[in-house]
Structure formats: C-alpha cells, structure tokens
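Colleague: Enclosed is the structure file my_file28.cif (mmCIF, C-alpha atoms and all ligand atoms; chains and numbers go by the auth columns).
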```
data_target
#
loop_
_atom_site.group_PDB
_atom_site.id
_atom_site.type_symbol
_atom_site.label_atom_id
_atom_site.label_comp_id
_atom_site.label_asym_id
_atom_site.label_seq_id
_atom_site.Cartn_x
_atom_site.Cartn_y
_atom_site.Cartn_z
_atom_site.B_iso_or_equiv
_atom_site.auth_seq_id
_atom_site.auth_asym_id
ATOM 1 C CA MET A 1 -111.576 40.802 39.508 0.00 797 A
ATOM 2 C CA LYS A 2 -111.845 38.722 42.646 0.00 798 A
ATOM 3 C CA GLN A 3 -115.130 39.198 44.489 0.00 799 A
ATOM 4 C CA THR A 4 -113.407 38.732 47.827 0.00 800 A
ATOM 5 C CA GLU A 5 -110.978 41.577 47.239 0.00 801 A
ATOM 6 C CA SER A 6 -111.183 43.884 50.204 0.00 802 A
ATOM 7 C CA LEU A 7 -110.193 47.451 50.708 0.00 803 A
ATOM 8 C CA THR A 8 -107.643 46.391 53.271 0.00 804 A
ATOM 9 C CA GLY A 9 -105.998 44.046 50.785 0.00 805 A
ATOM 10 C CA ASN A 10 -103.666 46.632 49.333 0.00 806 A
ATOM 11 C CA THR A 11 -103.627 49.354 51.935 0.00 807 A
ATOM 12 C CA PRO A 12 -100.586 51.570 51.965 0.00 808 A
ATOM 13 C CA THR A 13 -97.899 51.184 54.568 0.00 809 A
ATOM 14 C CA PRO A 14 -99.420 52.000 57.970 0.00 810 A
ATOM 15 C CA ILE A 15 -98.717 55.474 59.214 0.00 811 A
ATOM 16 C CA ASN A 16 -96.697 55.934 62.316 0.00 812 A
ATOM 17 C CA LEU A 17 -99.019 57.934 64.518 0.00 813 A
ATOM 18 C CA THR A 18 -96.708 58.250 67.443 0.00 814 A
ATOM 19 C CA PRO A 19 -97.899 61.345 69.285 0.00 815 A
ATOM 20 C CA SER A 20 -95.625 64.218 68.666 0.00 816 A
ATOM 21 C CA SER A 21 -95.355 67.718 69.969 0.00 817 A
ATOM 22 C CA ASP A 22 -93.427 68.870 66.933 0.00 818 A
ATOM 23 C CA PRO A 23 -95.806 71.044 64.876 0.00 819 A
ATOM 24 C CA GLU A 24 -94.106 70.090 61.614 0.00 820 A
ATOM 25 C CA THR A 25 -94.487 66.360 62.383 0.00 821 A
ATOM 26 C CA ILE A 26 -98.132 66.884 63.366 0.00 822 A
ATOM 27 C CA ALA A 27 -98.809 68.751 60.113 0.00 823 A
ATOM 28 C CA MET A 28 -97.120 66.020 58.063 0.00 824 A
ATOM 29 C CA GLN A 29 -99.106 63.309 59.869 0.00 825 A
ATOM 30 C CA LYS A 30 -102.349 65.161 59.195 0.00 826 A
ATOM 31 C CA GLN A 31 -101.449 65.561 55.546 0.00 827 A
ATOM 32 C CA LEU A 32 -100.569 61.872 55.266 0.00 828 A
ATOM 33 C CA ILE A 33 -103.859 60.837 56.889 0.00 829 A
ATOM 34 C CA GLN A 34 -105.775 63.080 54.484 0.00 830 A
ATOM 35 C CA MET A 35 -103.926 61.616 51.495 0.00 831 A
ATOM 36 C CA GLN A 36 -104.630 58.076 52.648 0.00 832 A
ATOM 37 C CA MET A 37 -108.304 58.898 53.191 0.00 833 A
ATOM 38 C CA LEU A 38 -108.475 60.262 49.646 0.00 834 A
ATOM 39 C CA GLU A 39 -106.792 57.128 48.340 0.00 835 A
ATOM 40 C CA LEU A 40 -109.314 54.942 50.164 0.00 836 A
ATOM 41 C CA GLN A 41 -112.179 57.038 48.794 0.00 837 A
ATOM 42 C CA GLU A 42 -110.838 56.594 45.265 0.00 838 A
ATOM 43 C CA ARG A 43 -110.640 52.844 45.781 0.00 839 A
ATOM 44 C CA LEU A 44 -114.194 52.788 47.076 0.00 840 A
ATOM 45 C CA GLN A 45 -115.327 54.748 44.030 0.00 841 A
ATOM 46 C CA GLU A 46 -113.476 52.343 41.706 0.00 842 A
ATOM 47 C CA LYS A 47 -115.102 49.412 43.465 0.00 843 A
ATOM 48 C CA GLU A 48 -118.550 51.029 43.152 0.00 844 A
ATOM 49 C CA ALA A 49 -117.898 51.821 39.481 0.00 845 A
ATOM 50 C CA LYS A 50 -117.031 48.163 38.854 0.00 846 A
ATOM 51 C CA LYS A 51 -120.230 47.107 40.612 0.00 847 A
ATOM 52 C CA ALA A 52 -122.216 49.539 38.467 0.00 848 A
ATOM 53 C CA ASP A 53 -120.539 48.190 35.307 0.00 849 A
ATOM 54 C CA LEU A 54 -121.463 44.645 36.311 0.00 850 A
ATOM 55 C CA LEU A 55 -125.063 45.672 37.019 0.00 851 A
ATOM 56 C CA ARG A 56 -125.313 47.462 33.654 0.00 852 A
ATOM 57 C CA PHE A 57 -123.966 44.346 31.926 0.00 853 A
ATOM 58 C CA GLN A 58 -126.402 42.066 33.769 0.00 854 A
ATOM 59 C CA LEU A 59 -129.348 44.327 32.968 0.00 855 A
ATOM 60 C CA ALA A 60 -128.369 44.513 29.288 0.00 856 A
ATOM 61 C CA ARG A 61 -128.054 40.704 29.174 0.00 857 A
ATOM 62 C CA LYS A 62 -131.467 40.303 30.790 0.00 858 A
ATOM 63 C CA GLU A 63 -133.005 42.690 28.293 0.00 859 A
ATOM 64 C CA GLU A 64 -131.348 40.779 25.413 0.00 860 A
ATOM 65 C CA ILE A 65 -132.834 37.519 26.684 0.00 861 A
ATOM 66 C CA ARG A 66 -136.254 39.112 27.206 0.00 862 A
ATOM 67 C CA ALA A 67 -136.215 40.549 23.679 0.00 863 A
ATOM 68 C CA LYS A 68 -135.124 37.192 22.219 0.00 864 A
ATOM 69 C CA ASP A 69 -137.868 35.360 24.119 0.00 865 A
ATOM 70 C CA ALA A 70 -140.443 37.904 22.940 0.00 866 A
ATOM 71 C CA GLN A 71 -139.238 37.491 19.345 0.00 867 A
ATOM 72 C CA GLU A 72 -139.434 33.688 19.624 0.00 868 A
ATOM 73 C CA LEU A 73 -142.925 33.879 21.065 0.00 869 A
ATOM 74 C CA LEU A 74 -144.024 36.216 18.290 0.00 870 A
ATOM 75 C CA ALA A 75 -142.592 33.842 15.665 0.00 871 A
ATOM 76 C CA GLN A 76 -144.318 30.866 17.304 0.00 872 A
ATOM 77 C CA ASN A 77 -147.636 32.672 17.592 0.00 873 A
ATOM 78 C CA SER A 78 -147.565 33.700 13.942 0.00 874 A
ATOM 79 C CA CYS A 79 -146.476 30.263 12.670 0.00 875 A
ATOM 80 C CA GLY A 80 -149.107 27.871 11.341 0.00 876 A
ATOM 81 C CA HIS A 81 -146.791 24.901 12.043 0.00 877 A
ATOM 82 C CA LYS A 82 -147.759 23.531 8.612 0.00 878 A
ATOM 83 C CA LYS A 83 -145.745 22.572 5.562 0.00 879 A
ATOM 84 C CA PRO A 84 -146.646 24.071 2.190 0.00 880 A
ATOM 85 C CA ASN A 85 -148.464 20.789 1.389 0.00 881 A
ATOM 86 C CA GLY A 86 -150.803 21.373 4.344 0.00 882 A
ATOM 87 C CA TYR A 87 -149.387 18.679 6.605 0.00 883 A
ATOM 88 C CA ALA A 88 -148.183 19.448 10.101 0.00 884 A
ATOM 89 C CA ALA A 89 -144.554 20.544 10.185 0.00 885 A
ATOM 90 C CA LEU A 90 -144.131 18.685 13.468 0.00 886 A
ATOM 91 C CA ASP A 91 -141.556 16.010 14.179 0.00 887 A
ATOM 92 C CA GLY A 92 -141.062 14.294 17.454 0.00 888 A
ATOM 93 C CA GLN A 93 -140.849 11.295 19.627 0.00 889 A
ATOM 94 C CA LYS A 94 -142.962 9.258 21.960 0.00 890 A
ATOM 95 C CA ASP A 95 -141.329 8.766 25.356 0.00 891 A
ATOM 96 C CA SER A 96 -141.403 5.616 27.475 0.00 892 A
ATOM 97 C CA TYR A 97 -144.523 6.897 29.261 0.00 893 A
ATOM 98 C CA GLY A 98 -146.335 7.083 25.940 0.00 894 A
ATOM 99 C CA VAL A 99 -146.327 10.883 25.833 0.00 895 A
ATOM 100 C CA THR A 100 -145.617 12.314 22.403 0.00 896 A
ATOM 101 C CA HIS A 101 -143.287 15.325 22.257 0.00 897 A
ATOM 102 C CA LEU A 102 -143.356 17.288 19.030 0.00 898 A
ATOM 103 C CA ILE A 103 -141.495 20.299 17.731 0.00 899 A
ATOM 104 C CA CYS A 104 -142.285 22.563 14.802 0.00 900 A
ATOM 105 C CA ASN A 105 -139.593 22.549 12.123 0.00 901 A
ATOM 106 C CA TYR A 106 -140.158 26.226 11.369 0.00 902 A
ATOM 107 C CA CYS A 107 -140.551 28.043 14.680 0.00 903 A
ATOM 108 C CA MET A 108 -139.273 25.397 17.144 0.00 904 A
ATOM 109 C CA LYS A 109 -142.448 25.557 19.226 0.00 905 A
ATOM 110 C CA SER A 110 -142.712 22.386 21.246 0.00 906 A
ATOM 111 C CA PHE A 111 -145.861 20.446 22.073 0.00 907 A
ATOM 112 C CA ASP A 112 -145.725 17.990 24.951 0.00 908 A
ATOM 113 C CA GLY A 113 -148.598 15.551 24.608 0.00 909 A
ATOM 114 C CA LEU A 114 -150.835 15.126 21.568 0.00 910 A
ATOM 115 C CA GLU A 115 -153.696 16.714 23.499 0.00 911 A
ATOM 116 C CA ASN A 116 -151.739 19.984 23.362 0.00 912 A
ATOM 117 C CA VAL A 117 -151.496 19.918 19.558 0.00 913 A
ATOM 118 C CA PRO A 118 -154.305 21.900 17.899 0.00 914 A
ATOM 119 C CA ALA A 119 -156.886 19.531 16.409 0.00 915 A
ATOM 120 C CA ASP A 120 -156.345 20.627 12.775 0.00 916 A
ATOM 121 C CA LEU A 121 -152.626 19.901 13.130 0.00 917 A
ATOM 122 C CA ARG A 122 -153.228 16.596 14.899 0.00 918 A
ATOM 123 C CA ARG A 123 -155.268 15.402 11.924 0.00 919 A
ATOM 124 C CA THR A 124 -152.367 16.054 9.552 0.00 920 A
ATOM 125 C CA LEU A 125 -149.565 14.570 11.681 0.00 921 A
ATOM 126 C CA ASP A 126 -147.272 12.218 9.802 0.00 922 A
ATOM 127 C CA SER A 127 -146.817 9.154 12.037 0.00 923 A
ATOM 128 C CA ASN A 128 -143.585 8.381 10.169 0.00 924 A
ATOM 129 C CA ARG A 129 -142.158 11.576 11.657 0.00 925 A
ATOM 130 C CA ILE A 130 -142.744 10.433 15.253 0.00 926 A
ATOM 131 C CA GLY A 131 -140.136 8.122 16.720 0.00 927 A
ATOM 132 C CA GLY A 132 -139.998 6.152 19.920 0.00 928 A
ATOM 133 C CA PRO A 133 -141.527 2.924 21.259 0.00 929 A
ATOM 134 C CA ALA A 134 -144.603 1.715 19.403 0.00 930 A
HETATM 135 ZN ZN ZN B . -144.254 26.576 13.943 0.00 1001 A
#
```
Let me see whether you can do it: turn the structure in this file into structure tokens.

Modeller:
Amino acid sequence: MKQTESLTGNTPTPINLTPSSDPETIAMQKQLIQMQMLELQERLQEKEAKKADLLRFQLARKEEIRAKDAQELLAQNSCGHKKPNGYAALDGQKDSYGVTHLICNYCMKSFDGLENVPADLRRTLDSNRIGGPA
C-alpha cells in the first residue's frame, strides 16, 4: 500500500449536480450523493483498519524485541562467563586505542575495557584469546 494514497485518488465519476426542478432527478441526485458518501465512508474505514493493522504489527514487533532483550539480559546475568576449567570464556580484541573489547562465548555479553571485566574473570583471561596490536 502506498502511504501517499489519498481518498480522492480513486473517487467515482463526479456527479452532475446541475440544479433541476424535476422531482425524479432531484431524488436520484440525492440517492447518488448518499451512495457516494457511503462509499467514501467505507474507504475511510478501510484506511483506518489498515492503519490499525500496521499499529498492531508494530506493537507486536516491539514486544517481541523487548521480550528477546529481556531474555538476553537474563541469560547474561545468570552466566558466569567461565569455561568448565574455570578460565574466563571471554575472547576479544584490543583496538588501536588500546581498549580491550571482550565477548563471552556463552551468553554474548560484551565488555568494553578491561576495567569493566569483573576482577575474578580478569585474573583468568587467556591473553592468547585477545587479538589486536600488542
Ligand atoms: Zn557469559
């Protein structure tokens, strides 16, 4: 659906509203105007229904993302970021500014800067698992 679609885009053939004194013509004109008003109302309702559908979709998508983020956070908060052998399960790279960026292999939590890695994990970091300039 084009967003720029307007109600006047597909309006029916314009009515000839030439004033008439013929009661039958007047009645037919009134009936035609009523029918066209109903048609326009239906189009408006369709347009509103489409808008509502889009809003429902956007809200559902937002909720999906929120739930996924909450699940990720829960996984990260309950992860020890350690391998079964007790070493940190963090791999990463040192950037050109000397800042080390690490990511947990299990929960994908990222740590930017060694100072943000909990001390017990920092002690068990494997320097062979950190790339970048020496
Ligand atoms: Zn982890």

Colleague: Residues within 8 Å of ligand ZN 1001 (chain A) should be enumerated using all atoms listed in the file and returned as a compact mmCIF listing (two decimals) with C-alpha atoms, in the coordinates of the input.

Modeller:
```
# COMPACT_ATOMS: atom_id res chain seq x y z
CA ALA A 871 -142.59 33.84 15.66
CA GLN A 872 -144.32 30.87 17.30
CA ASN A 873 -147.64 32.67 17.59
CA SER A 874 -147.56 33.70 13.94
CA CYS A 875 -146.48 30.26 12.67
CA GLY A 876 -149.11 27.87 11.34
CA HIS A 877 -146.79 24.90 12.04
CA LYS A 878 -147.76 23.53 8.61
CA ALA A 885 -144.55 20.54 10.18
CA LEU A 886 -144.13 18.68 13.47
CA ILE A 899 -141.50 20.30 17.73
CA CYS A 900 -142.28 22.56 14.80
CA ASN A 901 -139.59 22.55 12.12
CA TYR A 902 -140.16 26.23 11.37
CA CYS A 903 -140.55 28.04 14.68
CA MET A 904 -139.27 25.40 17.14
CA LYS A 905 -142.45 25.56 19.23
```

Colleague: For atom CA of A:Gln825 and atom CA of A:Glu844, determine how far apart the two atoms are, in Å to one decimal place.

Modeller: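 It comes out at 28.4 Å.
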
Colleague: For A:Lys890, find every residue with an atom within 8 Å (counting only C-alpha atoms), except residues of its own chain fewer than 3 positions away, and show them as an MDAnalysis selection string.

Modeller: chainID A and resid 893:897 926:929
